[in-house]
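As stored in my_file_16.csv (CSV, C-alpha atoms):
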chain,number,residue,atom,x,y,z
X,1,MET,CA,-53.2,28.5,53.7
X,2,ARG,CA,-51.1,25.3,53.7
X,3,ILE,CA,-52.3,24.5,57.2
X,4,ILE,CA,-55.9,24.8,56.2
X,5,VAL,CA,-55.4,22.7,53.1
X,6,THR,CA,-53.6,20.0,55.2
X,7,LEU,CA,-56.4,20.0,57.8
X,8,ILE,CA,-59.0,19.6,55.1
X,9,PHE,CA,-57.1,16.6,53.6
X,10,ILE,CA,-56.7,15.0,57.0
X,11,GLY,CA,-60.4,15.6,57.9
X,12,PHE,CA,-61.6,14.0,54.7
X,13,SER,CA,-59.3,11.0,55.2
X,14,ILE,CA,-60.5,10.4,58.8
X,15,ILE,CA,-64.1,10.6,57.7
X,16,ALA,CA,-63.4,8.1,54.9
X,17,ILE,CA,-61.6,5.6,57.0
X,18,THR,CA,-64.1,5.7,59.9
X,19,ALA,CA,-67.0,5.1,57.5
X,20,LYS,CA,-68.9,1.8,57.9
X,21,SER,CA,-67.6,0.5,54.6
X,22,GLN,CA,-64.7,-1.6,53.4
X,23,SER,CA,-61.5,0.5,53.6
X,24,TYR,CA,-57.8,0.0,53.8
X,25,VAL,CA,-54.6,1.9,54.3
X,26,SER,CA,-51.3,1.3,52.4
X,27,SER,CA,-48.0,2.8,53.4
X,28,GLU,CA,-44.7,2.7,51.7
X,29,LEU,CA,-41.2,3.6,52.9
X,30,TYR,CA,-38.2,3.4,50.6
X,31,GLY,CA,-34.8,4.7,50.2
X,32,TYR,CA,-32.9,5.4,46.9
X,33,TYR,CA,-29.1,5.0,47.1
X,34,ASN,CA,-27.1,6.3,44.1
X,35,HIS,CA,-23.5,6.5,42.8
X,36,SER,CA,-23.0,9.7,44.8
X,37,LYS,CA,-23.7,7.8,48.0
X,38,GLN,CA,-26.8,9.8,48.6
X,39,ILE,CA,-29.8,8.2,50.3
X,40,LYS,CA,-33.1,9.7,49.3
X,41,PRO,CA,-35.8,8.5,51.7
X,42,LEU,CA,-39.5,8.7,50.9
X,43,CYS,CA,-42.6,8.0,52.9
X,44,SER,CA,-46.1,7.7,51.5
X,45,VAL,CA,-49.6,6.8,52.7
X,46,TYR,CA,-52.6,5.8,50.5
X,47,LEU,CA,-56.1,5.5,52.0
X,48,LYS,CA,-59.2,4.0,50.2
X,49,SER,CA,-62.7,3.7,51.5
X,50,ASN,CA,-65.7,2.4,49.5
X,51,ILE,CA,-68.6,4.9,49.0
X,52,LYS,CA,-70.8,2.8,46.7
X,53,ASN,CA,-70.5,-0.5,45.0
X,54,LYS,CA,-67.9,0.6,42.4
X,55,THR,CA,-66.8,4.0,43.7
X,56,SER,CA,-64.3,4.7,46.5
X,57,PHE,CA,-62.9,7.8,48.2
X,58,VAL,CA,-59.1,7.9,48.0
X,59,SER,CA,-56.4,10.1,49.5
X,60,TYR,CA,-52.6,10.0,49.1
X,61,TYR,CA,-49.8,11.7,51.0
X,62,MET,CA,-46.1,11.7,50.1
X,63,LEU,CA,-43.1,13.2,52.0
X,64,THR,CA,-39.4,13.4,51.1
X,65,LYS,CA,-36.6,15.5,52.6
X,66,THR,CA,-37.4,18.4,50.3
X,67,TRP,CA,-40.9,18.0,49.0
X,68,ALA,CA,-44.4,16.9,50.1
X,69,GLU,CA,-47.9,16.5,48.6
X,70,GLY,CA,-51.5,15.6,49.6
X,71,LEU,CA,-54.2,14.5,47.2
X,72,ILE,CA,-57.8,13.5,47.5
X,73,GLY,CA,-60.2,12.1,44.9
X,74,LEU,CA,-62.3,9.2,43.7
X,75,ASN,CA,-61.5,5.7,42.4
X,76,TRP,CA,-63.9,3.9,40.0
X,77,LYS,CA,-63.9,0.1,39.4
X,78,LEU,CA,-64.5,0.1,35.6
X,79,THR,CA,-64.2,-3.7,35.1
X,80,PRO,CA,-63.3,-6.6,37.3
X,81,TRP,CA,-59.7,-6.0,36.4
X,82,LEU,CA,-59.4,-2.2,35.7
X,83,ASN,CA,-59.6,0.7,38.2
X,84,ALA,CA,-59.3,4.4,37.3
X,85,GLU,CA,-58.6,7.2,39.8
X,86,LEU,CA,-58.6,11.0,39.7
X,87,MET,CA,-57.2,13.0,42.5
X,88,PHE,CA,-56.6,16.7,43.2
X,89,GLY,CA,-54.4,18.3,45.8
X,90,ALA,CA,-51.6,20.5,47.0
X,91,GLU,CA,-47.8,20.3,47.0
X,92,THR,CA,-45.0,22.3,48.7
X,93,GLN,CA,-44.6,24.8,45.9
X,94,PRO,CA,-45.7,28.5,45.8
X,95,ASP,CA,-48.6,27.7,43.4
X,96,MET,CA,-49.4,24.5,45.4
X,97,TRP,CA,-52.0,22.7,43.1
X,98,ARG,CA,-51.6,19.2,41.7
X,99,ILE,CA,-53.7,16.8,39.7
X,100,SER,CA,-53.2,13.0,39.3
X,101,PRO,CA,-55.0,10.5,37.1
X,102,CYS,CA,-54.1,6.9,37.9
X,103,PHE,CA,-54.8,3.4,36.4
X,104,TYR,CA,-54.6,0.0,38.0
X,105,ILE,CA,-54.9,-3.3,36.1
X,106,LYS,CA,-54.9,-6.7,37.9
X,107,LYS,CA,-55.6,-9.6,35.6
X,108,GLY,CA,-54.5,-13.1,36.7
X,109,LYS,CA,-50.8,-13.0,37.7
X,110,LEU,CA,-50.2,-9.6,36.0
X,111,ASN,CA,-50.4,-6.2,37.8
X,112,TYR,CA,-49.9,-2.7,36.3
X,113,MET,CA,-50.0,0.6,38.1
X,114,GLY,CA,-49.6,4.0,36.4
X,115,VAL,CA,-49.7,7.2,38.3
X,116,PHE,CA,-49.4,10.4,36.4
X,117,GLU,CA,-49.2,13.8,38.1
X,118,TYR,CA,-49.0,17.4,37.0
X,119,GLY,CA,-48.7,20.5,39.1
X,120,ALA,CA,-46.7,23.6,40.1
X,121,SER,CA,-43.5,21.6,40.1
X,122,GLY,CA,-44.1,20.0,36.7
X,123,PHE,CA,-44.9,16.5,35.4
X,124,TRP,CA,-44.1,13.3,37.3
X,125,TYR,CA,-45.0,9.6,36.9
X,126,LEU,CA,-44.6,6.2,38.5
X,127,SER,CA,-45.4,3.2,36.4
X,128,TYR,CA,-44.7,-0.5,37.0
X,129,MET,CA,-45.8,-3.8,35.8
X,130,THR,CA,-45.3,-7.0,37.8
X,131,TYR,CA,-45.9,-10.7,37.2
X,132,LYS,CA,-46.4,-13.2,40.0
X,133,ILE,CA,-43.7,-15.9,39.6
X,134,LYS,CA,-44.4,-17.7,42.9
X,135,PRO,CA,-47.1,-17.4,45.6
X,136,HIS,CA,-45.1,-14.8,47.5
X,137,SER,CA,-42.9,-13.3,44.8
X,138,THR,CA,-43.3,-10.9,41.8
X,139,ILE,CA,-40.9,-9.6,39.2
X,140,GLY,CA,-41.4,-6.7,36.8
X,141,ILE,CA,-40.3,-3.4,35.4
X,142,LEU,CA,-40.4,0.1,37.1
X,143,ALA,CA,-40.2,3.6,35.6
X,144,ASN,CA,-40.1,6.6,37.9
X,145,ARG,CA,-39.8,10.2,36.5
X,146,SER,CA,-37.6,11.3,39.4
X,147,LEU,CA,-35.3,8.3,39.6
X,148,GLY,CA,-35.1,6.3,36.4
X,149,PHE,CA,-36.1,2.8,35.2
X,150,GLY,CA,-35.2,-0.8,36.1
X,151,LEU,CA,-36.3,-4.2,37.3
X,152,ARG,CA,-38.5,-4.6,40.4
X,153,TYR,CA,-38.7,-7.7,42.7
X,154,ASP,CA,-41.3,-8.0,45.5
X,155,PHE,CA,-41.4,-10.6,48.3
X,156,THR,CA,-44.4,-10.9,50.6
X,157,PRO,CA,-44.0,-13.4,53.5
X,158,LYS,CA,-46.9,-15.8,54.0
X,159,LYS,CA,-49.9,-14.2,55.8
X,160,SER,CA,-48.1,-10.9,56.2
X,161,PRO,CA,-49.3,-7.4,55.5
X,162,ILE,CA,-45.7,-6.4,54.7
X,163,SER,CA,-44.0,-6.6,51.4
X,164,ILE,CA,-40.3,-6.0,50.8
X,165,TRP,CA,-39.2,-4.8,47.4
X,166,THR,CA,-36.1,-3.8,45.5
X,167,ALA,CA,-35.2,-2.2,42.2
X,168,PRO,CA,-31.8,-1.5,40.6
X,169,ILE,CA,-32.3,1.7,38.7
X,170,LYS,CA,-30.7,3.3,35.6
X,171,GLU,CA,-31.0,7.1,36.0
X,172,TRP,CA,-32.7,8.8,33.0
X,173,ASN,CA,-30.4,11.7,32.3
X,174,ASN,CA,-27.0,10.1,32.6
X,175,ASP,CA,-25.2,6.8,32.8
X,176,ASN,CA,-25.5,6.5,36.6
X,177,TYR,CA,-27.1,3.7,38.5
X,178,GLY,CA,-28.9,3.5,41.8
X,179,PHE,CA,-30.7,1.1,44.0
X,180,ILE,CA,-34.1,1.2,45.7
X,181,LEU,CA,-35.0,-0.8,48.8
X,182,GLY,CA,-38.6,-0.5,49.9
X,183,LEU,CA,-41.1,-1.7,52.4
X,184,SER,CA,-44.9,-1.7,51.7
X,185,ILE,CA,-47.5,-2.3,54.4
X,186,LEU,CA,-51.2,-3.0,53.8
X,187,ILE,CA,-53.6,-2.6,56.7
Can you turn what I pasted into structure tokens?
Amino acid sequence: MRIIVTLIFIGFSIIAITAKSQSYVSSELYGYYNHSKQIKPLCSVYLKSNIKNKTSFVSYYMLTKTWAEGLIGLNWKLTPWLNAELMFGAETQPDMWRISPCFYIKKGKLNYMGVFEYGASGFWYLSYMTYKIKPHSTIGILANRSLGFGLRYDFTPKKSPISIWTAPIKEWNNDNYGFILGLSILI
């Protein structure tokens, strides 16, 4: 069953990206290093392809050492500065299902992203707000249900699809701290 679901997600994603419309792919790799000297790597891929003027097909895949998910859905441009998204999919749990509403705000130098998921393994979220302080740098705050909260700094070299980001993190359930180093690629 998992193989069938995976093939369906991959098929829809290939169809969306090969469509004759504006589309893009974003990939993110990051590692979280904590007080226990553990490194928790994560890899994710987000695909978006316009269907109509203000509606896009989206898919998202995330993989860690112990967990994975695949989601597909739609993105709606509600205003020039606000996008909403709803995705459904599967995860590596016995019940498999997962749902994810998302919100994106981009107004001037301010950006906000809120991703909220619920499924067989429970509730999860990632939320961050950044402010562009220089043409290639942003600073902001980050909250991640699995890791904690902290400051976030992004640097994107001029004319580059690659962004490097970092975030010192205070873990939610204890007094421990960690550190995230990430790489985002927009194609």
For the contact check between segment 83-130 of chain X and segment 138-151 of chain X, emit one row per residue of segment 83-130 of chain X within 7 Å, containing the shortest atom pair and the distance in Å rounded to one decimal, counting only C-alpha atoms, chain then rising number order, as CSV.
residue,atom,partner,partner_atom,distance
X:Trp124,CA,X:Arg145,CA,5.4
X:Tyr125,CA,X:Arg145,CA,5.2
X:Leu126,CA,X:Asn144,CA,4.6
X:Ser127,CA,X:Ala143,CA,5.3
X:Tyr128,CA,X:Leu142,CA,4.3
X:Met129,CA,X:Gly140,CA,5.4
X:Thr130,CA,X:Gly140,CA,4.0
**Report entry** Best match for closeness to Gly89 of chain X among X:Gly114, X:Pro168, X:Gly119, X:Gly108, counting only C-alpha atoms
**Finding:**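 With only C-alpha atoms as the atom set, the closest residue is X:Gly119.
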Query raised in the report: Taking into account all atoms listed in the file, which residue in the set X:Thr55, X:Ser23, X:Ser137, X:Ser184 is nearest to Ser163 of chain X?
Result: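 Smallest distance to Ser163 of chain X is found for X:Ser184.
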Query raised in the report: Which of these residues is nearest to Ile185 of chain X, using all atoms listed in the file: X:Tyr30, X:Asn50, X:Phe123, X:Gln93?
Result: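 Result for the nearest residue to Ile185 of chain X: X:Tyr30.
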Report task. Would you mind reading off the distance between atom CA of Arg98 of chain X and atom CA of Ile169 of chain X, one decimal, in Å? Result ->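 Computing the Euclidean distance for atom CA of Arg98 of chain X and atom CA of Ile169 of chain X yields 26.2 Å.
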Report task. Skip Met62 of chain X itself and residues of its chain fewer than 5 positions away, then list as an MDAnalysis selection string all residues within 6 Å of it, counting all atoms listed in the file. Result -> chainID X and resid 43:44 68:69
Query raised in the report: Using all atoms listed in the file, what residues lie at most 10 Å away from (-43.9, 6.6, 49.2) (file coordinates), given as a list in words?
Result: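 So the residues meeting the distance criterion are Ser26, Ser27, Glu28, Leu29, Tyr30, Gly31, Pro41, Leu42, Cys43, Ser44, Val45, Tyr46, Tyr60, Tyr61, Met62, Leu63, Thr64, Gly182, Leu183 and Ser184 of chain X.
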Report summary line: atom CA of Phe179 of chain X to atom CA of Tyr153 of chain X measures 12.0 Å
Query raised in the report: Using only C-alpha atoms, which of the listed residues (X:Tyr104, X:Tyr32, X:Tyr118, X:Tyr24) sits closest to Trp76 of chain X?
Result: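 Looking at the shortest contact to Trp76 of chain X, the residue is X:Tyr104.
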Requested in this report: Quick one: pull the distance between atom CA of Val58 of chain X and atom CA of Pro157 of chain X, Å, one decimal.
Outcome: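 For atom CA of Val58 of chain X relative to atom CA of Pro157 of chain X, the distance reads 26.7 Å.
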Query raised in the report: Do you know which residues are at most 12 Å from Phe103 of chain X counting all atoms listed in the file, after dropping those on the same chain fewer than 2 positions away, and could you put them as number ranges by chain?
Result: X: 74-79, 81-87, 100-101, 105-106, 111-117, 125-129
Report summary line: Using only C-alpha atoms, the residue out of X:Lys134, X:Asn173, X:Ser49, X:Thr166 with shortest distance to Tyr33 of chain X is X:Thr166
**Report entry** Residue among X:Ser160, X:His136, X:Asp175, X:Gly73 lying closest to Ile51 of chain X, counting all atoms listed in the file
**Finding:**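 For Ile51 of chain X, the nearest of the given residues is X:Gly73.
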